[in-house]
Amino acid sequence: MKYWLVKSEPVKYSWDDFLKDGWTYWDGVRNYQARNNLQSMKKGDAVLYYHSNEGLEVAGVAEVIKEAYQDPTTDDERWVVVDLRPKESLKYPVPLSAIKKDKRLNDIALIKQSRLSVMPVTKKEFQTISSTGRGK
DNA sequence: GCCAACGTTGGC
DNA sequence: GCCAACGTTGGC
């Protein structure tokens, strides 16, 4: 099982929208590195859900329910989506500022490659953020 | 609103 | 194949 982090601008699609929908396909990825990450996702993988531009926090944890398939919003065969469903809302969303301060998260891709929208995180990083978000 | 980082495009 | 110009993302 692998761990990931995806970004969404809350103005466009927030964690609350995601909760209301119950599931979504993760569309709009138009970057090869992010696309490759999407294709590496397996059913059951855990995904941190980060609010970029506004909020700047990890709001919840999602789960991969369907692996990569052709992006239904485009005919361009280069792009894919995965299906995600919300798994857990974090009681205390973890802000970027806290992630930056935490020594255990010094090497997280979120900071190192700030423009990437789909990225892998390590099990340790995942656990650090999700347990912080639970208030522990 | 600005700017740094970085991906993409196009001329050579 | 190199690199300058340009566009986009995202934090501040």
# chains A, B, ... in the order shown; residues from 1 in each chain; ligands from 1

$ select_by_dssp --residues "chain A" --states "alpha helix (DSSP H)" --output "JSON, numbers by chain"
{"A": [15, 16, 17, 18, 19, 20, 21, 32, 33, 34, 35, 36, 37, 38, 39, 40, 96, 97, 98, 99, 100, 101, 109, 110, 111, 112, 123, 124, 125, 126, 127, 128, 129, 130, 131, 132, 133]}

$ residues_around --residues "C:DC12" --least-positions-apart "4" --cutoff "12 Å" --atoms "only C-alpha atoms (C1' of nucleotides)" --output "PyMOL selection string"
(chain A and resi 53-54+56+97) or (chain B and resi 1-4)

$ write_last_selection --atoms "all heavy atoms" --output "JSON list (two decimals), in the first residue's frame"
[["chain", "number", "residue", "atom", "x", "y", "z"],
["A", 53, "ASN", "N", -3.60, 27.33, -2.50],
["A", 53, "ASN", "CA", -4.01, 28.72, -2.74],
["A", 53, "ASN", "C", -4.80, 29.34, -1.60],
["A", 53, "ASN", "O", -4.50, 30.44, -1.16],
["A", 53, "ASN", "CB", -4.80, 28.86, -4.04],
["A", 53, "ASN", "CG", -3.91, 28.92, -5.23],
["A", 53, "ASN", "OD1", -2.87, 29.58, -5.19],
["A", 53, "ASN", "ND2", -4.26, 28.23, -6.27],
["A", 54, "GLU", "N", -5.85, 28.66, -1.17],
["A", 54, "GLU", "CA", -6.58, 29.14, 0.00],
["A", 54, "GLU", "C", -6.73, 27.96, 0.95],
["A", 54, "GLU", "O", -6.88, 26.83, 0.53],
["A", 54, "GLU", "CB", -7.97, 29.64, -0.40],
["A", 54, "GLU", "CG", -7.93, 30.97, -1.08],
["A", 54, "GLU", "CD", -9.32, 31.41, -1.50],
["A", 54, "GLU", "OE1", -10.27, 31.15, -0.75],
["A", 54, "GLU", "OE2", -9.43, 31.99, -2.58],
["A", 56, "LEU", "N", -4.61, 26.31, 2.54],
["A", 56, "LEU", "CA", -3.23, 25.85, 2.75],
["A", 56, "LEU", "C", -3.13, 24.85, 3.89],
["A", 56, "LEU", "O", -2.39, 25.05, 4.84],
["A", 56, "LEU", "CB", -2.29, 27.04, 3.01],
["A", 56, "LEU", "CG", -2.28, 28.15, 2.00],
["A", 56, "LEU", "CD1", -1.25, 29.20, 2.36],
["A", 56, "LEU", "CD2", -2.00, 27.61, 0.60],
["A", 97, "SER", "N", 2.10, 25.66, 7.33],
["A", 97, "SER", "CA", 3.09, 26.23, 8.25],
["A", 97, "SER", "C", 3.55, 25.19, 9.28],
["A", 97, "SER", "O", 4.71, 25.14, 9.64],
["A", 97, "SER", "CB", 2.50, 27.45, 8.96],
["A", 97, "SER", "OG", 1.33, 27.10, 9.67],
["B", 1, "DG", "P", -4.65, 42.96, -7.72],
["B", 1, "DG", "OP1", -5.38, 44.15, -7.27],
["B", 1, "DG", "OP2", -5.13, 42.11, -8.80],
["B", 1, "DG", "O5'", -3.17, 43.39, -8.00],
["B", 1, "DG", "C5'", -2.63, 44.27, -7.02],
["B", 1, "DG", "C4'", -1.19, 43.88, -6.80],
["B", 1, "DG", "O4'", -1.12, 42.74, -5.93],
["B", 1, "DG", "C3'", -0.44, 43.53, -8.06],
["B", 1, "DG", "O3'", 0.85, 44.07, -7.91],
["B", 1, "DG", "C2'", -0.45, 42.00, -8.06],
["B", 1, "DG", "C1'", -0.37, 41.71, -6.57],
["B", 1, "DG", "N9", -0.97, 40.44, -6.15],
["B", 1, "DG", "C8", -2.14, 39.89, -6.58],
["B", 1, "DG", "N7", -2.41, 38.75, -6.00],
["B", 1, "DG", "C5", -1.35, 38.54, -5.14],
["B", 1, "DG", "C6", -1.09, 37.47, -4.23],
["B", 1, "DG", "O6", -1.77, 36.47, -4.02],
["B", 1, "DG", "N1", 0.10, 37.65, -3.54],
["B", 1, "DG", "C2", 0.92, 38.73, -3.69],
["B", 1, "DG", "N2", 2.03, 38.75, -2.96],
["B", 1, "DG", "N3", 0.68, 39.73, -4.53],
["B", 1, "DG", "C4", -0.46, 39.57, -5.22],
["B", 2, "DC", "P", 1.96, 44.05, -9.01],
["B", 2, "DC", "OP1", 2.53, 45.39, -9.12],
["B", 2, "DC", "OP2", 1.42, 43.35, -10.19],
["B", 2, "DC", "O5'", 3.02, 43.10, -8.30],
["B", 2, "DC", "C5'", 3.46, 43.41, -6.99],
["B", 2, "DC", "C4'", 4.38, 42.31, -6.52],
["B", 2, "DC", "O4'", 3.61, 41.15, -6.15],
["B", 2, "DC", "C3'", 5.37, 41.87, -7.58],
["B", 2, "DC", "O3'", 6.67, 41.88, -7.04],
["B", 2, "DC", "C2'", 4.90, 40.46, -7.97],
["B", 2, "DC", "C1'", 4.19, 39.99, -6.71],
["B", 2, "DC", "N1", 3.10, 39.00, -6.94],
["B", 2, "DC", "C2", 3.10, 37.82, -6.20],
["B", 2, "DC", "O2", 4.02, 37.62, -5.40],
["B", 2, "DC", "N3", 2.09, 36.93, -6.38],
["B", 2, "DC", "C4", 1.11, 37.18, -7.26],
["B", 2, "DC", "N4", 0.15, 36.29, -7.39],
["B", 2, "DC", "C5", 1.09, 38.38, -8.02],
["B", 2, "DC", "C6", 2.09, 39.26, -7.83],
["B", 3, "DC", "P", 7.95, 41.80, -7.98],
["B", 3, "DC", "OP1", 8.97, 42.71, -7.44],
["B", 3, "DC", "OP2", 7.52, 41.86, -9.39],
["B", 3, "DC", "O5'", 8.41, 40.30, -7.68],
["B", 3, "DC", "C5'", 8.51, 39.86, -6.34],
["B", 3, "DC", "C4'", 8.68, 38.36, -6.34],
["B", 3, "DC", "O4'", 7.40, 37.72, -6.55],
["B", 3, "DC", "C3'", 9.61, 37.85, -7.43],
["B", 3, "DC", "O3'", 10.38, 36.81, -6.90],
["B", 3, "DC", "C2'", 8.64, 37.31, -8.47],
["B", 3, "DC", "C1'", 7.56, 36.73, -7.56],
["B", 3, "DC", "N1", 6.24, 36.49, -8.20],
["B", 3, "DC", "C2", 5.49, 35.37, -7.81],
["B", 3, "DC", "O2", 5.95, 34.64, -6.93],
["B", 3, "DC", "N3", 4.29, 35.15, -8.39],
["B", 3, "DC", "C4", 3.85, 35.99, -9.33],
["B", 3, "DC", "N4", 2.66, 35.72, -9.87],
["B", 3, "DC", "C5", 4.60, 37.13, -9.75],
["B", 3, "DC", "C6", 5.78, 37.34, -9.17],
["B", 4, "DA", "P", 11.85, 36.62, -7.41],
["B", 4, "DA", "OP1", 12.70, 37.55, -6.65],
["B", 4, "DA", "OP2", 11.86, 36.59, -8.88],
["B", 4, "DA", "O5'", 12.13, 35.13, -6.88],
["B", 4, "DA", "C5'", 11.61, 34.70, -5.62],
["B", 4, "DA", "C4'", 11.28, 33.23, -5.71],
["B", 4, "DA", "O4'", 9.98, 33.05, -6.32],
["B", 4, "DA", "C3'", 12.27, 32.41, -6.54],
["B", 4, "DA", "O3'", 12.50, 31.21, -5.85],
["B", 4, "DA", "C2'", 11.54, 32.21, -7.87],
["B", 4, "DA", "C1'", 10.08, 32.18, -7.44],
["B", 4, "DA", "N9", 9.11, 32.69, -8.42],
["B", 4, "DA", "C8", 9.22, 33.80, -9.21],
["B", 4, "DA", "N7", 8.17, 34.02, -9.98],
["B", 4, "DA", "C5", 7.32, 32.98, -9.67],
["B", 4, "DA", "C6", 6.03, 32.64, -10.13],
["B", 4, "DA", "N6", 5.36, 33.33, -11.03],
["B", 4, "DA", "N1", 5.46, 31.53, -9.62],
["B", 4, "DA", "C2", 6.13, 30.83, -8.70],
["B", 4, "DA", "N3", 7.33, 31.05, -8.18],
["B", 4, "DA", "C4", 7.88, 32.16, -8.71]]

$ select_by_dssp --residues "stretch 60-113 of chain A" --states "strand (DSSP E or B)" --output "PyMOL selection string"
chain A and resi 60-70+80-95

$ atom_distance --atom1 "atom CA of A:Trp4" --atom2 "atom CA of A:Asp102"
18.3 Å

$ closest_atom_pairs --of "chain B" --to "chain A" --cutoff "9 Å" --atoms "only C-alpha atoms (C1' of nucleotides)" --output "tab-separated table"
residue	atom	partner	partner_atom	distance
B:DA5	C1'	A:Arg115	CA	7.7
B:DC6	C1'	A:Arg115	CA	7.8
B:DG7	C1'	A:Asn31	CA	8.2

$ atom_distance --atom1 "atom CA of A:Arg134" --atom2 "atom CA of A:Tyr13"
22.6 Å

$ residues_around --residues "stretch 40-43 of chain A" --least-positions-apart "5" --cutoff "8 Å" --atoms "only C-alpha atoms (C1' of nucleotides)" --output "compact mmCIF listing (two decimals) with all heavy atoms, in the first residue's frame"
# COMPACT_ATOMS: atom_id res chain seq x y z
N MET A 1 0.83 -1.21 0.00
CA MET A 1 0.00 0.00 0.00
C MET A 1 0.86 1.25 0.00
O MET A 1 1.84 1.35 0.72
CB MET A 1 -0.89 -0.04 1.25
CG MET A 1 -1.39 1.30 1.69
SD MET A 1 -2.89 1.10 2.65
CE MET A 1 -3.27 2.78 3.04
N LYS A 2 0.46 2.20 -0.85
CA LYS A 2 1.23 3.44 -0.95
C LYS A 2 0.43 4.63 -0.43
O LYS A 2 -0.77 4.54 -0.20
CB LYS A 2 1.65 3.68 -2.40
CG LYS A 2 2.71 2.69 -2.84
CD LYS A 2 3.26 3.07 -4.20
CE LYS A 2 4.38 2.12 -4.59
NZ LYS A 2 4.79 2.30 -5.98
N GLU A 63 -9.38 7.77 -0.16
CA GLU A 63 -8.94 6.42 -0.51
C GLU A 63 -9.15 6.21 -2.01
O GLU A 63 -10.16 6.64 -2.56
CB GLU A 63 -9.77 5.42 0.29
CG GLU A 63 -9.43 3.98 0.00
CD GLU A 63 -10.36 3.02 0.74
OE1 GLU A 63 -11.30 3.48 1.42
OE2 GLU A 63 -10.14 1.80 0.62
N VAL A 64 -8.21 5.53 -2.64
CA VAL A 64 -8.35 5.21 -4.06
C VAL A 64 -9.35 4.06 -4.19
O VAL A 64 -9.17 3.00 -3.59
CB VAL A 64 -6.99 4.78 -4.67
CG1 VAL A 64 -7.17 4.38 -6.14
CG2 VAL A 64 -5.96 5.89 -4.53
N ILE A 65 -10.43 4.31 -4.96
CA ILE A 65 -11.41 3.23 -5.15
C ILE A 65 -11.40 2.68 -6.58
O ILE A 65 -11.94 1.64 -6.85
CB ILE A 65 -12.85 3.67 -4.76
CG1 ILE A 65 -13.27 4.95 -5.48
CG2 ILE A 65 -12.95 3.84 -3.25
CD1 ILE A 65 -14.72 5.34 -5.23
N LYS A 66 -10.77 3.43 -7.49
CA LYS A 66 -10.61 2.90 -8.85
C LYS A 66 -9.31 3.42 -9.43
O LYS A 66 -9.03 4.61 -9.34
CB LYS A 66 -11.80 3.31 -9.73
CG LYS A 66 -11.78 2.65 -11.10
CD LYS A 66 -13.03 2.96 -11.89
CE LYS A 66 -12.94 2.32 -13.29
NZ LYS A 66 -14.08 2.74 -14.13
N GLU A 67 -8.54 2.52 -10.03
CA GLU A 67 -7.24 2.90 -10.55
C GLU A 67 -7.36 3.64 -11.87
O GLU A 67 -8.45 3.71 -12.45
CB GLU A 67 -6.36 1.64 -10.67
CG GLU A 67 -6.07 1.07 -9.28
CD GLU A 67 -5.41 -0.30 -9.30
OE1 GLU A 67 -4.91 -0.70 -10.36
OE2 GLU A 67 -5.40 -0.96 -8.25
N ALA A 68 -6.24 4.18 -12.34
CA ALA A 68 -6.21 5.12 -13.46
C ALA A 68 -6.96 4.63 -14.70
O ALA A 68 -6.82 3.48 -15.10
CB ALA A 68 -4.76 5.44 -13.82
N VAL A 82 -8.18 9.04 -11.49
CA VAL A 82 -8.50 7.93 -10.59
C VAL A 82 -9.77 8.32 -9.82
O VAL A 82 -10.10 9.50 -9.73
CB VAL A 82 -7.37 7.63 -9.56
CG1 VAL A 82 -6.11 7.16 -10.27
CG2 VAL A 82 -7.09 8.84 -8.68

$ atom_distance --atom1 "atom CA of A:Leu105" --atom2 "atom CA of A:Glu125"
6.2 Å

$ residues_around --residues "A:Leu96" --least-positions-apart "2" --cutoff "7 Å" --atoms "only C-alpha atoms (C1' of nucleotides)" --output "list in words"
Leu56, Glu57, Val94, Ala98, Ile99 and Lys100 of chain A

$ closest_residue --among "A:Leu84, A:Val121, A:Val58, A:Leu38" --to "A:Gly22" --atoms "only C-alpha atoms"
A:Leu84

$ decode --residues "chain C" --atoms "N, CA and C atoms (P, O5', C5', C4', C3', O3' and C1' of nucleotides)" --output "PDB file, in the first residue's frame"
ATOM      1  P    DG C   1      18.745  14.886 -29.206  1.00  0.00           P
ATOM      2  O5'  DG C   1      19.718  16.099 -29.247  1.00  0.00           O
ATOM      3  C5'  DG C   1      21.091  16.233 -29.022  1.00  0.00           C
ATOM      4  C4'  DG C   1      21.307  17.655 -28.604  1.00  0.00           C
ATOM      5  C3'  DG C   1      20.800  17.987 -27.211  1.00  0.00           C
ATOM      6  O3'  DG C   1      21.760  18.877 -26.656  1.00  0.00           O
ATOM      7  C1'  DG C   1      19.751  19.421 -28.755  1.00  0.00           C
ATOM      8  P    DC C   2      21.780  19.267 -25.140  1.00  0.00           P
ATOM      9  O5'  DC C   2      21.724  20.846 -25.277  1.00  0.00           O
ATOM     10  C5'  DC C   2      22.726  21.496 -26.051  1.00  0.00           C
ATOM     11  C4'  DC C   2      22.356  22.952 -26.199  1.00  0.00           C
ATOM     12  C3'  DC C   2      21.985  23.653 -24.893  1.00  0.00           C
ATOM     13  O3'  DC C   2      22.709  24.866 -24.834  1.00  0.00           O
ATOM     14  C1'  DC C   2      20.249  23.945 -26.506  1.00  0.00           C
ATOM     15  P    DC C   3      22.868  25.649 -23.455  1.00  0.00           P
ATOM     16  O5'  DC C   3      21.761  26.776 -23.599  1.00  0.00           O
ATOM     17  C5'  DC C   3      21.772  27.618 -24.735  1.00  0.00           C
ATOM     18  C4'  DC C   3      20.492  28.423 -24.771  1.00  0.00           C
ATOM     19  C3'  DC C   3      20.025  28.907 -23.394  1.00  0.00           C
ATOM     20  O3'  DC C   3      19.463  30.188 -23.548  1.00  0.00           O
ATOM     21  C1'  DC C   3      18.309  27.741 -24.414  1.00  0.00           C
ATOM     22  P    DA C   4      19.921  31.383 -22.601  1.00  0.00           P
ATOM     23  O5'  DA C   4      19.034  32.575 -23.157  1.00  0.00           O
ATOM     24  C5'  DA C   4      18.942  32.785 -24.564  1.00  0.00           C
ATOM     25  C4'  DA C   4      17.514  33.126 -24.932  1.00  0.00           C
ATOM     26  C3'  DA C   4      16.809  34.053 -23.935  1.00  0.00           C
ATOM     27  O3'  DA C   4      16.071  34.997 -24.702  1.00  0.00           O
ATOM     28  C1'  DA C   4      15.558  32.039 -24.170  1.00  0.00           C
ATOM     29  P    DA C   5      15.225  36.162 -23.996  1.00  0.00           P
ATOM     30  O5'  DA C   5      13.741  35.632 -24.184  1.00  0.00           O
ATOM     31  C5'  DA C   5      13.261  35.308 -25.490  1.00  0.00           C
ATOM     32  C4'  DA C   5      11.831  34.826 -25.378  1.00  0.00           C
ATOM     33  C3'  DA C   5      10.960  35.666 -24.453  1.00  0.00           C
ATOM     34  O3'  DA C   5       9.735  35.893 -25.123  1.00  0.00           O
ATOM     35  C1'  DA C   5      10.901  33.391 -23.773  1.00  0.00           C
ATOM     36  P    DC C   6       8.614  36.876 -24.499  1.00  0.00           P
ATOM     37  O5'  DC C   6       7.546  35.823 -23.967  1.00  0.00           O
ATOM     38  C5'  DC C   6       7.192  34.706 -24.801  1.00  0.00           C
ATOM     39  C4'  DC C   6       6.431  33.714 -23.979  1.00  0.00           C
ATOM     40  C3'  DC C   6       5.467  34.347 -22.970  1.00  0.00           C
ATOM     41  O3'  DC C   6       4.163  33.874 -23.262  1.00  0.00           O
ATOM     42  C1'  DC C   6       6.706  32.590 -21.992  1.00  0.00           C
ATOM     43  P    DG C   7       2.877  34.420 -22.500  1.00  0.00           P
ATOM     44  O5'  DG C   7       2.461  33.128 -21.685  1.00  0.00           O
ATOM     45  C5'  DG C   7       2.308  31.873 -22.363  1.00  0.00           C
ATOM     46  C4'  DG C   7       1.942  30.822 -21.339  1.00  0.00           C
ATOM     47  C3'  DG C   7       0.888  31.282 -20.327  1.00  0.00           C
ATOM     48  O3'  DG C   7      -0.032  30.237 -20.145  1.00  0.00           O
ATOM     49  C1'  DG C   7       2.876  30.617 -19.185  1.00  0.00           C
ATOM     50  P    DT C   8      -1.250  30.368 -19.129  1.00  0.00           P
ATOM     51  O5'  DT C   8      -0.732  29.511 -17.895  1.00  0.00           O
ATOM     52  C5'  DT C   8      -0.284  28.181 -18.102  1.00  0.00           C
ATOM     53  C4'  DT C   8       0.054  27.568 -16.763  1.00  0.00           C
ATOM     54  C3'  DT C   8      -0.979  27.853 -15.666  1.00  0.00           C
ATOM     55  O3'  DT C   8      -1.217  26.627 -15.003  1.00  0.00           O
ATOM     56  C1'  DT C   8       1.181  28.518 -14.958  1.00  0.00           C
ATOM     57  P    DT C   9      -2.350  26.505 -13.887  1.00  0.00           P
ATOM     58  O5'  DT C   9      -1.479  26.269 -12.568  1.00  0.00           O
ATOM     59  C5'  DT C   9      -0.442  25.297 -12.580  1.00  0.00           C
ATOM     60  C4'  DT C   9       0.362  25.463 -11.321  1.00  0.00           C
ATOM     61  C3'  DT C   9      -0.485  25.608 -10.048  1.00  0.00           C
ATOM     62  O3'  DT C   9      -0.029  24.612  -9.155  1.00  0.00           O
ATOM     63  C1'  DT C   9       1.150  27.318 -10.176  1.00  0.00           C
ATOM     64  P    DG C  10      -0.845  24.276  -7.842  1.00  0.00           P
ATOM     65  O5'  DG C  10      -0.169  25.255  -6.799  1.00  0.00           O
ATOM     66  C5'  DG C  10       1.194  25.062  -6.446  1.00  0.00           C
ATOM     67  C4'  DG C  10       1.604  26.185  -5.540  1.00  0.00           C
ATOM     68  C3'  DG C  10       0.577  26.520  -4.439  1.00  0.00           C
ATOM     69  O3'  DG C  10       1.307  26.705  -3.260  1.00  0.00           O
ATOM     70  C1'  DG C  10       1.142  28.456  -5.582  1.00  0.00           C
ATOM     71  P    DG C  11       0.697  26.498  -1.831  1.00  0.00           P
ATOM     72  O5'  DG C  11       1.678  27.426  -0.993  1.00  0.00           O
ATOM     73  C5'  DG C  11       3.091  27.286  -1.188  1.00  0.00           C
ATOM     74  C4'  DG C  11       3.760  28.605  -0.871  1.00  0.00           C
ATOM     75  C3'  DG C  11       3.280  29.254   0.422  1.00  0.00           C
ATOM     76  O3'  DG C  11       4.432  29.749   1.094  1.00  0.00           O
ATOM     77  C1'  DG C  11       3.030  30.758  -1.381  1.00  0.00           C
ATOM     78  P    DC C  12       4.337  30.168   2.623  1.00  0.00           P
ATOM     79  O5'  DC C  12       4.288  31.751   2.535  1.00  0.00           O
ATOM     80  C5'  DC C  12       5.430  32.441   2.033  1.00  0.00           C
ATOM     81  C4'  DC C  12       5.052  33.860   1.745  1.00  0.00           C
ATOM     82  C3'  DC C  12       4.276  34.511   2.877  1.00  0.00           C
ATOM     83  O3'  DC C  12       5.144  35.339   3.635  1.00  0.00           O
ATOM     84  C1'  DC C  12       3.441  35.102   0.703  1.00  0.00           C
TER      85       DC C  12
END
